[in-house]
$ cat input-v9.txt   # compact mmCIF, C-alpha atoms and all ligand atoms
# COMPACT_ATOMS: atom_id res chain seq x y z
CA MET A 723 0.00 0.00 0.00
CA ALA A 724 1.34 3.45 -0.91
CA ALA A 725 2.35 5.61 2.04
CA VAL A 726 -0.37 8.03 3.06
CA GLU A 727 0.65 11.67 2.89
CA ILE A 728 -0.77 13.86 5.63
CA GLY A 729 -1.34 17.57 5.24
CA LEU A 730 -2.92 20.44 7.12
CA ILE A 731 -4.37 23.16 4.94
CA GLU A 732 -6.34 26.32 5.57
CA LEU A 733 -9.96 25.52 6.42
CA HIS A 734 -11.77 27.70 3.90
CA CYS A 735 -11.59 27.06 0.17
CA PRO A 736 -9.96 30.01 -1.65
CA HIS A 737 -12.70 29.89 -4.32
CA ARG A 738 -15.78 30.94 -2.36
CA GLY A 739 -14.93 29.89 1.15
CA THR A 740 -16.70 26.56 1.71
CA SER A 741 -15.18 24.66 4.59
CA LEU A 742 -12.80 21.92 3.50
CA GLU A 743 -13.90 19.83 6.47
CA PHE A 744 -16.53 18.62 3.97
CA GLY A 745 -13.86 17.97 1.35
CA LEU A 746 -13.49 14.64 -0.43
CA ILE A 747 -10.26 12.77 0.23
CA GLU A 748 -8.58 11.64 -3.00
CA SER A 749 -5.24 10.04 -3.76
CA GLU A 750 -3.76 13.42 -4.80
CA GLY A 751 -5.24 15.56 -2.06
CA LEU A 752 -8.48 17.06 -0.82
CA ARG A 753 -11.25 18.17 -3.17
CA CYS A 754 -13.67 20.92 -2.16
CA CYS A 755 -17.23 19.59 -2.10
CA TYR A 756 -18.72 22.73 -3.66
CA HIS A 757 -17.13 23.13 -7.12
CA GLY A 758 -14.41 20.50 -6.96
CA TRP A 759 -11.17 22.46 -6.66
CA LEU A 760 -8.42 20.01 -5.65
CA PHE A 761 -5.66 20.84 -3.12
CA GLY A 762 -2.37 19.04 -2.49
CA CYS A 763 -1.05 18.44 1.02
CA ASN A 764 1.38 21.37 0.64
CA GLY A 765 -1.39 23.81 -0.31
CA SER A 766 -0.82 23.74 -4.06
CA ILE A 767 -3.99 23.94 -6.17
CA LEU A 768 -4.00 20.94 -8.49
CA GLU A 769 -7.31 21.32 -10.30
CA THR A 770 -10.03 23.94 -10.84
CA PRO A 771 -12.44 21.78 -12.85
CA GLY A 772 -15.03 24.43 -13.81
CA GLU A 773 -12.43 26.72 -15.41
CA PRO A 774 -11.47 26.76 -19.12
CA THR A 775 -8.74 24.24 -19.96
CA ASP A 776 -6.22 27.02 -20.63
CA SER A 777 -6.93 28.74 -17.28
CA THR A 778 -3.83 29.62 -15.26
CA LEU A 779 -5.82 30.46 -12.13
CA LYS A 780 -4.46 27.49 -10.20
CA GLU A 781 -0.88 28.56 -10.89
CA LYS A 782 -1.59 32.09 -9.67
CA LEU A 783 -3.08 31.05 -6.33
CA PHE A 784 -1.62 29.10 -3.46
CA HIS A 785 -3.62 27.81 -0.53
CA GLY A 786 -2.30 28.04 3.05
CA ALA A 787 -0.70 24.89 4.50
CA TYR A 788 1.33 23.98 7.59
CA PRO A 789 4.13 21.44 8.14
CA VAL A 790 2.97 18.34 10.00
CA CYS A 791 4.54 15.37 11.72
CA GLU A 792 2.83 12.14 12.67
CA HIS A 793 3.72 10.19 15.78
CA ALA A 794 1.92 7.10 17.13
CA GLY A 795 -1.50 8.03 15.83
CA LEU A 796 -1.45 11.79 16.41
CA VAL A 797 -0.66 14.48 13.87
CA PHE A 798 1.27 17.51 15.15
CA ALA A 799 1.36 20.75 13.20
CA TYR A 800 3.71 23.72 13.32
CA MET A 801 1.91 27.02 12.76
CA GLY A 802 4.62 29.59 13.45
CA PRO A 803 7.10 31.44 11.21
CA PRO A 804 8.89 28.97 8.85
CA ASP A 805 12.40 30.06 9.89
CA LYS A 806 11.64 29.33 13.55
CA GLN A 807 10.29 25.80 13.16
CA PRO A 808 11.52 23.70 16.08
CA PRO A 809 12.27 19.97 15.84
CA PHE A 810 9.55 17.52 16.82
CA PRO A 811 9.97 17.15 20.61
CA LYS A 812 11.37 13.68 21.24
CA LEU A 813 10.29 13.14 24.84
CA ASP A 814 11.82 9.96 26.27
CA THR A 815 8.32 8.77 27.14
CA LEU A 816 7.20 8.74 23.49
CA THR A 817 9.38 5.72 22.77
CA LEU A 818 9.71 3.94 26.11
CA PRO A 819 10.91 0.35 25.72
CA GLY A 820 8.43 -2.10 27.27
CA TYR A 821 5.49 0.31 27.05
CA GLN A 822 2.62 0.68 24.59
CA THR A 823 0.72 3.87 23.84
CA VAL A 824 -2.66 4.81 22.41
CA PRO A 825 -3.86 8.31 21.54
CA ARG A 826 -6.26 9.92 23.99
CA PRO A 827 -9.48 10.97 22.24
CA PRO A 828 -9.22 14.77 21.90
CA SER A 829 -11.60 16.91 23.93
CA VAL A 830 -12.22 20.64 23.92
CA TRP A 831 -12.41 22.39 27.27
CA GLU A 832 -14.07 25.81 27.31
CA CYS A 833 -11.37 27.54 29.30
CA ASN A 834 -7.94 29.09 29.00
CA TRP A 835 -5.08 26.64 28.43
CA VAL A 836 -3.08 27.91 31.42
CA GLN A 837 -5.69 26.80 33.93
CA VAL A 838 -5.66 23.33 32.37
CA LYS A 839 -1.89 23.16 32.90
CA GLU A 840 -2.10 24.63 36.40
CA ASN A 841 -4.26 21.69 37.37
CA ALA A 842 -1.36 19.46 36.35
CA MET A 843 0.82 20.98 39.09
CA ASP A 844 -1.97 20.95 41.69
CA PRO A 845 -1.85 17.55 43.39
CA ALA A 846 -3.87 18.87 46.35
CA HIS A 847 -7.09 18.45 44.38
CA PHE A 848 -6.82 14.62 44.20
CA GLN A 849 -7.54 14.16 47.82
CA PHE A 850 -10.74 16.15 47.56
CA LEU A 851 -12.19 16.32 44.03
CA HIS A 852 -11.14 12.84 42.94
CA THR A 853 -12.24 11.06 46.07
CA LEU A 854 -15.73 12.60 46.27
CA PRO A 855 -18.42 9.91 46.69
CA GLY A 856 -19.38 8.67 43.22
CA SER A 857 -16.15 9.84 41.61
CA GLU A 858 -14.38 7.26 39.47
CA GLY A 859 -10.88 6.48 38.36
CA PHE A 860 -8.85 7.12 41.51
CA VAL A 861 -8.03 4.29 43.91
CA ASP A 862 -8.57 4.71 47.66
CA ASP A 863 -4.82 5.12 48.24
CA PHE A 864 -5.32 8.74 47.17
CA LYS A 865 -7.47 9.41 50.26
CA THR A 866 -4.39 9.46 52.49
CA LYS A 867 -3.07 12.99 52.99
CA PRO A 868 0.32 13.15 51.27
CA GLU A 869 3.33 15.42 51.52
CA TRP A 870 3.53 17.82 48.59
CA ASP A 871 6.62 19.29 47.05
CA TRP A 872 7.70 20.86 43.76
CA MET A 873 11.09 21.05 42.06
CA GLU A 874 12.45 22.60 38.90
CA THR A 875 13.97 20.06 36.49
CA PRO A 876 15.94 20.39 33.25
CA ALA A 877 12.66 19.75 31.40
CA GLY A 878 10.53 22.20 33.41
CA MET A 879 9.20 21.26 36.84
CA VAL A 880 7.58 18.43 38.76
CA TYR A 881 5.22 17.99 41.62
CA ILE A 882 6.07 15.27 44.11
CA ASP A 883 3.18 13.66 45.94
CA THR A 884 4.42 11.32 48.66
CA ARG A 885 2.52 8.92 50.92
CA ARG A 886 3.46 6.34 53.48
CA GLN A 887 1.80 2.94 53.93
CA ASP A 888 3.46 0.96 56.74
CA ASP A 889 7.11 0.70 55.70
CA LEU A 890 6.42 1.63 52.07
CA VAL A 891 6.88 5.17 50.79
CA TRP A 892 5.07 5.91 47.54
CA VAL A 893 6.58 8.79 45.59
CA ARG A 894 4.40 10.02 42.74
CA VAL A 895 6.02 12.49 40.36
CA ALA A 896 4.32 14.42 37.53
CA ASP A 897 6.02 16.62 34.92
CA PHE A 898 5.14 20.03 33.58
CA ILE A 899 7.15 20.63 30.41
CA PRO A 900 6.66 24.21 29.22
CA PRO A 901 4.86 25.49 27.45
CA ASN A 902 1.98 23.03 27.37
CA ILE A 903 2.84 19.40 28.15
CA HIS A 904 2.21 17.44 31.33
CA GLN A 905 2.70 13.83 32.33
CA PHE A 906 1.38 11.83 35.27
CA THR A 907 1.38 8.28 36.55
CA ALA A 908 -1.54 5.85 37.01
CA ASN A 909 -4.51 6.96 39.08
CA ASP A 910 -6.30 3.64 38.87
CA GLU A 911 -3.79 1.21 40.32
CA VAL A 912 -3.50 0.36 44.01
CA LEU A 913 -0.19 0.99 45.67
CA MET A 914 0.54 -2.68 46.27
CA ALA A 915 0.29 -3.42 42.52
CA ARG A 916 2.83 -0.76 41.55
CA ASN A 917 6.35 -1.58 40.46
CA SER A 918 9.28 -0.17 42.37
CA ILE A 919 9.66 2.34 39.51
CA SER A 920 7.22 2.96 36.68
CA ARG A 921 6.88 5.70 34.10
CA PRO A 922 3.89 7.93 33.32
CA GLN A 923 0.49 6.68 32.27
CA ALA A 924 -0.27 9.85 30.35
CA THR A 925 1.40 12.56 28.28
CA PHE A 926 -1.01 15.38 27.43
CA TRP A 927 -0.73 18.60 25.46
CA ALA A 928 -3.09 21.54 26.04
CA VAL A 929 -3.53 23.26 22.68
CA PRO A 930 -5.02 26.75 22.93
CA LEU A 931 -7.72 27.25 20.30
CA ASP A 932 -8.32 30.79 21.58
CA ASP A 933 -8.27 32.48 25.01
CA ARG A 934 -11.28 30.52 26.23
CA ASN A 935 -11.04 27.17 24.44
CA THR A 936 -8.39 24.50 24.77
CA MET A 937 -8.03 21.15 23.05
CA GLN A 938 -6.52 18.37 25.11
CA ILE A 939 -4.71 15.67 23.19
CA GLY A 940 -2.03 13.16 24.05
CA TYR A 941 -1.27 9.56 24.81
CA TRP A 942 -2.24 6.95 27.34
CA ARG A 943 0.52 4.46 28.10
CA ALA A 944 0.90 1.14 29.93
CA PRO A 945 3.58 -1.51 30.31
CA GLU A 946 3.23 -4.26 27.70
CA GLY A 947 0.75 -6.90 28.82
CA LYS A 948 -1.36 -4.38 30.79
CA ARG A 949 -4.51 -2.69 29.54
CA VAL A 950 -3.96 0.79 28.09
CA ARG A 951 -6.70 3.30 28.80
CA ASN A 952 -8.37 4.72 25.73
CA ASP A 953 -11.04 6.92 27.28
CA VAL A 954 -11.06 10.56 28.25
CA GLY A 955 -11.75 9.52 31.85
CA PHE A 956 -14.38 10.38 34.42
CA GLY A 957 -15.31 14.08 34.47
CA GLN A 958 -12.82 14.87 31.70
CA ASP A 959 -15.32 16.48 29.35
CA GLY A 960 -18.73 18.14 29.39
CA SER A 961 -20.65 15.16 28.03
CA ARG A 962 -22.42 14.26 31.30
CA SER A 963 -25.74 15.87 32.23
CA TYR A 964 -25.53 19.10 34.20
CA ASP A 965 -27.27 17.34 37.07
CA LYS A 966 -24.62 14.60 37.21
CA ARG A 967 -21.82 17.12 36.86
CA GLN A 968 -23.17 19.06 39.84
CA ARG A 969 -23.53 15.95 41.99
CA VAL A 970 -20.14 14.43 41.19
CA PRO A 971 -17.96 17.02 39.49
CA GLY A 972 -14.69 16.13 37.79
CA ASP A 973 -11.62 17.95 36.52
CA TYR A 974 -13.54 19.42 33.58
CA ASP A 975 -16.15 21.00 35.83
CA ALA A 976 -13.63 22.34 38.34
CA GLN A 977 -11.37 23.90 35.73
CA VAL A 978 -13.82 25.16 33.12
CA SER A 979 -15.91 26.88 35.81
CA ILE A 980 -12.97 28.95 37.11
CA HIS A 981 -14.40 32.42 36.46
CA ASN A 982 -16.25 31.11 33.40
CA GLY A 983 -13.19 29.88 31.58
CA MET A 984 -10.63 32.59 32.32
CA ALA A 985 -9.04 32.76 35.78
CA ARG A 986 -8.93 36.21 37.41
CA HIS A 987 -5.75 36.15 39.40
CA GLY A 988 -6.62 39.31 41.32
CA LEU A 989 -9.63 37.54 42.85
CA GLU A 990 -7.70 34.46 44.00
CA HIS A 991 -6.34 33.78 47.48
CA LEU A 992 -3.45 31.43 46.88
CA ALA A 993 -2.57 29.13 49.76
CA THR A 994 0.25 26.79 50.73
CA THR A 995 -1.06 24.09 48.40
CA ASP A 996 -0.54 26.48 45.47
CA ARG A 997 3.25 26.67 45.57
CA GLY A 998 3.35 24.65 42.35
CA ILE A 999 0.92 27.03 40.65
CA ILE A 1000 3.09 29.99 41.66
CA MET A 1001 6.24 28.29 40.34
CA MET A 1002 4.52 27.39 37.10
CA ARG A 1003 3.15 30.89 36.54
CA SER A 1004 6.53 32.44 37.09
CA MET A 1005 8.08 29.94 34.66
CA ILE A 1006 5.49 30.82 31.99
CA ARG A 1007 5.85 34.55 32.70
CA ARG A 1008 9.65 34.37 32.34
CA ALA A 1009 9.30 32.59 28.99
CA ILE A 1010 6.74 35.12 27.71
CA ARG A 1011 9.01 38.02 28.70
CA ALA A 1012 12.04 36.38 27.11
CA ASN A 1013 10.05 35.77 23.95
CA GLY A 1014 8.93 39.40 23.93
CA THR A 1015 12.52 40.63 23.96
CA GLY A 1016 13.57 38.23 21.23
CA GLU A 1017 15.76 36.21 23.61
CA GLU A 1018 16.40 32.56 22.63
CA LEU A 1019 14.52 30.27 25.01
CA ASP A 1020 16.64 27.65 26.72
CA SER A 1021 14.30 24.70 26.32
CA PRO A 1022 15.21 21.07 25.69
CA LEU A 1023 12.24 21.05 23.29
CA LEU A 1024 14.25 23.27 20.95
CA ARG A 1025 17.41 21.12 20.77
CA ASP A 1026 17.41 19.18 17.56
CA GLY A 1027 17.80 15.43 17.64
CA GLU A 1028 18.05 15.20 21.41
CA ILE A 1029 15.97 12.69 23.37
CA ILE A 1030 14.42 14.81 26.10
CA ALA A 1031 14.68 13.33 29.58
CA THR A 1032 11.48 13.65 31.60
CA TYR A 1033 10.90 12.71 35.21
CA SER A 1034 7.34 11.59 35.84
CA GLN A 1035 7.43 8.33 37.75
CA ASP A 1036 5.93 6.20 40.48
CA ARG A 1037 8.54 4.97 42.86
CA VAL A 1038 7.78 2.69 45.78
CA VAL A 1039 10.58 2.59 48.33
CA SER A 1040 10.32 -0.25 50.85
CA GLY A 1041 11.78 -0.86 54.30
CA ILE A 1042 11.45 2.73 55.57
CA ALA A 1043 10.84 2.66 59.31
CA GLN A 1044 8.62 5.39 60.70
CA ALA A 1045 10.54 8.32 62.21
CA GLY A 1046 9.97 9.13 65.90
CA THR A 1047 7.40 11.91 65.52
CA HIS A 1048 4.81 12.83 62.93
CA GLU A 1049 6.78 15.93 61.94
CA ALA A 1050 10.03 13.98 61.69
CA ASP A 1051 8.33 11.41 59.50
CA ARG A 1052 6.96 14.10 57.21
CA ARG A 1053 10.48 15.44 56.80
CA LEU A 1054 11.84 11.94 56.21
CA ILE A 1055 9.44 11.03 53.42
CA ARG A 1056 9.86 14.44 51.76
CA GLU A 1057 13.59 13.92 51.76
CA ILE A 1058 13.24 10.43 50.27
CA ALA A 1059 11.02 11.88 47.57
CA ARG A 1060 13.30 14.81 46.69
CA ASN A 1061 16.28 12.46 46.60
CA ALA A 1062 14.40 10.18 44.20
CA VAL A 1063 13.84 13.07 41.78
CA SER A 1064 17.40 14.43 42.18
CA GLU A 1065 18.80 10.96 41.52
CA THR A 1066 16.73 10.63 38.34
CA VAL A 1067 17.85 14.07 37.16
CA ALA A 1068 21.49 13.15 37.82
CA ARG A 1069 21.52 9.56 36.57
CA GLY A 1070 18.32 8.90 34.63
CA PHE A 1071 16.14 5.83 35.11
CA PRO A 1072 17.66 2.40 35.62
CA ALA A 1073 17.63 0.40 32.35
CA GLY A 1074 14.78 -2.12 31.99
S1 LIG B 1101 -16.01 27.00 -2.84
FE1 LIG B 1101 -14.55 25.43 -3.03
S2 LIG B 1101 -14.53 24.96 -5.11
FE2 LIG B 1101 -15.99 26.53 -4.95
FE FE B 1102 -7.57 15.99 38.41
$ encode --input "input-v9.txt" --output "structure tokens" --more "lines below"
Ligand code: FES
Ligand SMILES: [Fe+2]
Amino acid sequence: MAAVEIGLIELHCPHRGTSLEFGLIESEGLRCCYHGWLFGCNGSILETPGEPTDSTLKEKLFHGAYPVCEHAGLVFAYMGPPDKQPPFPKLDTLTLPGYQTVPRPPSVWECNWVQVKENAMDPAHFQFLHTLPGSEGFVDDFKTKPEWDWMETPAGMVYIDTRRQDDLVWVRVADFIPPNIHQFTANDEVLMARNSISRPQATFWAVPLDDRNTMQIGYWRAPEGKRVRNDVGFGQDGSRSYDKRQRVPGDYDAQVSIHNGMARHGLEHLATTDRGIIMMRSMIRRAIRANGTGEELDSPLLRDGEIIATYSQDRVVSGIAQAGTHEADRRLIREIARNAVSETVARGFPAG
């Protein structure tokens, strides 16, 4: 079978503007449904069937198109200036040996993309929102109050969510990779079933469609032999009835309802659980300012050919005796957790 060429072209036909979402897919390209103009994947106009045979109209016009790249069932497009096109970001998690991935069905959230990403550095909401009666997808282990911490990493930042069960310490690490990627480990697996170290269950991009609409896309992942999720997850879109959403709200309801889709920072009262949000906002603000002054951003996403190390992981450390006091034990498990992340930054993950 001939390789399929993928293209992304401007939505509206240059003839009289019909949407090419109704176009007919042909071996050479996409044909407008209205009068049959045919477009190649690179935006060239191949046919204008109603015109005289000696018409040069199709040579005079060119339709807009964007470069695309396909990876594991998703198509990524670059829509910026041609001379600034970055390489496709080769996150280590996109090709993890021993893991399988499936694309997450895309969903549009009616809110600003930043508040979707802020949620990714807000582990404090698991213990409340995701363990409400009737909520699905999070095992009971999440009901235990954890220790929270955040660290900058070479890829961006992580939150570290750490819990003790007897002599086991469960360190759960999620990545934020600026500007719009996050990764997190399994929510639906009990602690006792977790490996000593495992990599993220999800890698998600938040794609801003405009200031108040964001498309979430990405991958679900699981070790070979285990089931890979292929759903959007409980409360991850607006498809449930309003009544059900009010009774058992999910992430979608919590985030989209923040000031009707656009957070108003001046009306917030940030608390100790929001240290990750503050770190993330300052990271985004720094990058926006640097971009505004034309400064080159120092991001691993911009280094060509490099596999980008990321840090999201579940790590279960055994044989950790309880420290003498509650406060001493909190300090102990936080230290174990920070050391786990520092060790991964310094030495990477053990092979296999
Ligand atoms: S509007 Fe597309 S061919 Fe006429
Ligand atoms: Fe959540």
$ closest_atom_pairs --input "input-v9.txt" --of "chain A" --to "ligand LIG 1101 (chain B)" --cutoff "7 Å" --atoms "all atoms listed in the file" --output "tab-separated table"
residue	atom	partner	partner_atom	distance
A:Cys735	CA	B:LIG1101	FE1	4.7
A:Pro736	CA	B:LIG1101	FE1	6.6
A:His737	CA	B:LIG1101	S1	4.6
A:Arg738	CA	B:LIG1101	S1	4.0
A:Gly739	CA	B:LIG1101	S1	5.0
A:Thr740	CA	B:LIG1101	S1	4.6
A:Cys754	CA	B:LIG1101	FE1	4.7
A:Cys755	CA	B:LIG1101	FE1	6.5
A:Tyr756	CA	B:LIG1101	FE2	4.9
A:His757	CA	B:LIG1101	S2	3.8
A:Gly758	CA	B:LIG1101	S2	4.8
A:Trp759	CA	B:LIG1101	S2	4.5
$ residues_around --input "input-v9.txt" --residues "His793 of chain A" --least-positions-apart "3" --cutoff "12 Å" --atoms "all atoms listed in the file" --output "ChimeraX atom specification"
/A:728,790,796-799,810-813,816-817,823-825,940-941
$ atom_distance --input "input-v9.txt" --atom1 "atom CA of Gly972 of chain A" --atom2 "atom CA of Ile999 of chain A"
19.3 Å
$ residues_near_ligand --input "input-v9.txt" --ligand "ligand FE 1102 (chain B)" --cutoff "7 Å" --atoms "only C-alpha atoms and all ligand atoms" --output "PyMOL selection string"
chain A and resi 841+847-848+852+973
$ atom_distance --input "input-v9.txt" --atom1 "atom CA of Arg886 of chain A" --atom2 "atom CA of Val1039 of chain A"
9.6 Å
$ atom_distance --input "input-v9.txt" --atom1 "atom CA of Ala976 of chain A" --atom2 "atom CA of Ala877 of chain A"
27.3 Å
$ residues_around --input "input-v9.txt" --residues "Pro900 of chain A" --least-positions-apart "5" --cutoff "9 Å" --atoms "only C-alpha atoms" --output "PyMOL selection string"
chain A and resi 877-879+1002+1005-1006+1009+1021+1023
$ residues_around --input "input-v9.txt" --residues "Leu783 of chain A" --least-positions-apart "3" --cutoff "9 Å" --atoms "all atoms listed in the file" --output "list in words"
Pro736, Ser766, Ile767, Leu779 and Lys780 of chain A
$ residues_near_point --input "input-v9.txt" --point "(-2.3, 19.2, 43.6)" --cutoff "10 Å" --atoms "all atoms listed in the file" --output "ChimeraX atom specification"
/A:840-850,870-871,881-883,995-999
$ write_last_selection --input "input-v9.txt" --atoms "C-alpha atoms" --output "mmCIF file, keeping the file's coordinate frame"
data_model
loop_
_atom_site.group_PDB
_atom_site.id
_atom_site.type_symbol
_atom_site.label_atom_id
_atom_site.label_comp_id
_atom_site.auth_asym_id
_atom_site.auth_seq_id
_atom_site.Cartn_x
_atom_site.Cartn_y
_atom_site.Cartn_z
ATOM 1 C CA GLU A 840 -2.100 24.630 36.400
ATOM 2 C CA ASN A 841 -4.260 21.690 37.370
ATOM 3 C CA ALA A 842 -1.360 19.460 36.350
ATOM 4 C CA MET A 843 0.820 20.980 39.090
ATOM 5 C CA ASP A 844 -1.970 20.950 41.690
ATOM 6 C CA PRO A 845 -1.850 17.550 43.390
ATOM 7 C CA ALA A 846 -3.870 18.870 46.350
ATOM 8 C CA HIS A 847 -7.090 18.450 44.380
ATOM 9 C CA PHE A 848 -6.820 14.620 44.200
ATOM 10 C CA GLN A 849 -7.540 14.160 47.820
ATOM 11 C CA PHE A 850 -10.740 16.150 47.560
ATOM 12 C CA TRP A 870 3.530 17.820 48.590
ATOM 13 C CA ASP A 871 6.620 19.290 47.050
ATOM 14 C CA TYR A 881 5.220 17.990 41.620
ATOM 15 C CA ILE A 882 6.070 15.270 44.110
ATOM 16 C CA ASP A 883 3.180 13.660 45.940
ATOM 17 C CA THR A 995 -1.060 24.090 48.400
ATOM 18 C CA ASP A 996 -0.540 26.480 45.470
ATOM 19 C CA ARG A 997 3.250 26.670 45.570
ATOM 20 C CA GLY A 998 3.350 24.650 42.350
ATOM 21 C CA ILE A 999 0.920 27.030 40.650
#
$ closest_residue --input "input-v9.txt" --among "A:Ala1062, A:Leu913, A:Asn982, A:Glu1028" --to "Asp814 of chain A" --atoms "only C-alpha atoms"
A:Glu1028
$ residues_near_point --input "input-v9.txt" --point "(-13.9, 31.0, 34.2)" --cutoff "12 Å" --atoms "all atoms listed in the file" --output "PyMOL selection string"
chain A and resi 831-838+933-935+974-987+989
$ residues_around --input "input-v9.txt" --residues "Lys839 of chain A" --least-positions-apart "5" --cutoff "8 Å" --atoms "only C-alpha atoms" --output "PyMOL selection string"
chain A and resi 898+902-904+928
$ closest_residue --input "input-v9.txt" --among "A:Thr884, A:Gln807, A:Ser1034, A:Asn1061" --to "Thr907 of chain A" --atoms "all atoms listed in the file"
A:Ser1034
$ closest_atom_pairs --input "input-v9.txt" --of "segment 784-901 of chain A" --to "segment 946-957 of chain A" --cutoff "12 Å" --atoms "only C-alpha atoms" --output "tab-separated table"
residue	atom	partner	partner_atom	distance
A:Leu818	CA	A:Glu946	CA	10.6
A:Pro819	CA	A:Glu946	CA	9.2
A:Gly820	CA	A:Glu946	CA	5.6
A:Tyr821	CA	A:Glu946	CA	5.1
A:Gln822	CA	A:Glu946	CA	5.9
A:Thr823	CA	A:Val950	CA	7.0
A:Val824	CA	A:Asn952	CA	6.6
A:Pro825	CA	A:Asn952	CA	7.1
A:Arg826	CA	A:Asn952	CA	5.9
A:Pro827	CA	A:Val954	CA	6.2
A:Pro828	CA	A:Val954	CA	7.8
A:Ser829	CA	A:Val954	CA	7.7
A:Val830	CA	A:Val954	CA	11.0
A:Trp831	CA	A:Gly957	CA	11.4
A:Leu851	CA	A:Gly957	CA	10.3
A:His852	CA	A:Phe956	CA	9.4
A:Thr853	CA	A:Phe956	CA	11.9
A:Leu854	CA	A:Gly957	CA	11.9
A:Gly856	CA	A:Phe956	CA	10.3
A:Ser857	CA	A:Phe956	CA	7.4
A:Glu858	CA	A:Phe956	CA	5.9
A:Gly859	CA	A:Phe956	CA	6.6
A:Phe860	CA	A:Phe956	CA	9.6
$ residues_around --input "input-v9.txt" --residues "Val1067 of chain A" --least-positions-apart "2" --cutoff "10 Å" --atoms "all atoms listed in the file" --output "PyMOL selection string"
chain A and resi 875-877+1031-1033+1061-1065+1069-1071
$ axis_aligned_box --input "input-v9.txt" --around "segment 820-832 of chain A" --padding-each-side "8 Å" --output "AutoDock Vina command-line options"
--center_x -2.8 --center_y 11.9 --center_z 24.4 --size_x 38.5 --size_y 43.9 --size_z 21.8
$ closest_residue --input "input-v9.txt" --among "A:Leu1024, A:Ile1058, A:Met914, A:Ala1068" --to "Val893 of chain A" --atoms "all atoms listed in the file"
A:Ile1058
$ closest_residue --input "input-v9.txt" --among "A:Pro789, A:Gln968, A:Asp1036, A:Asp889" --to "Arg916 of chain A" --atoms "all atoms listed in the file"
A:Asp1036
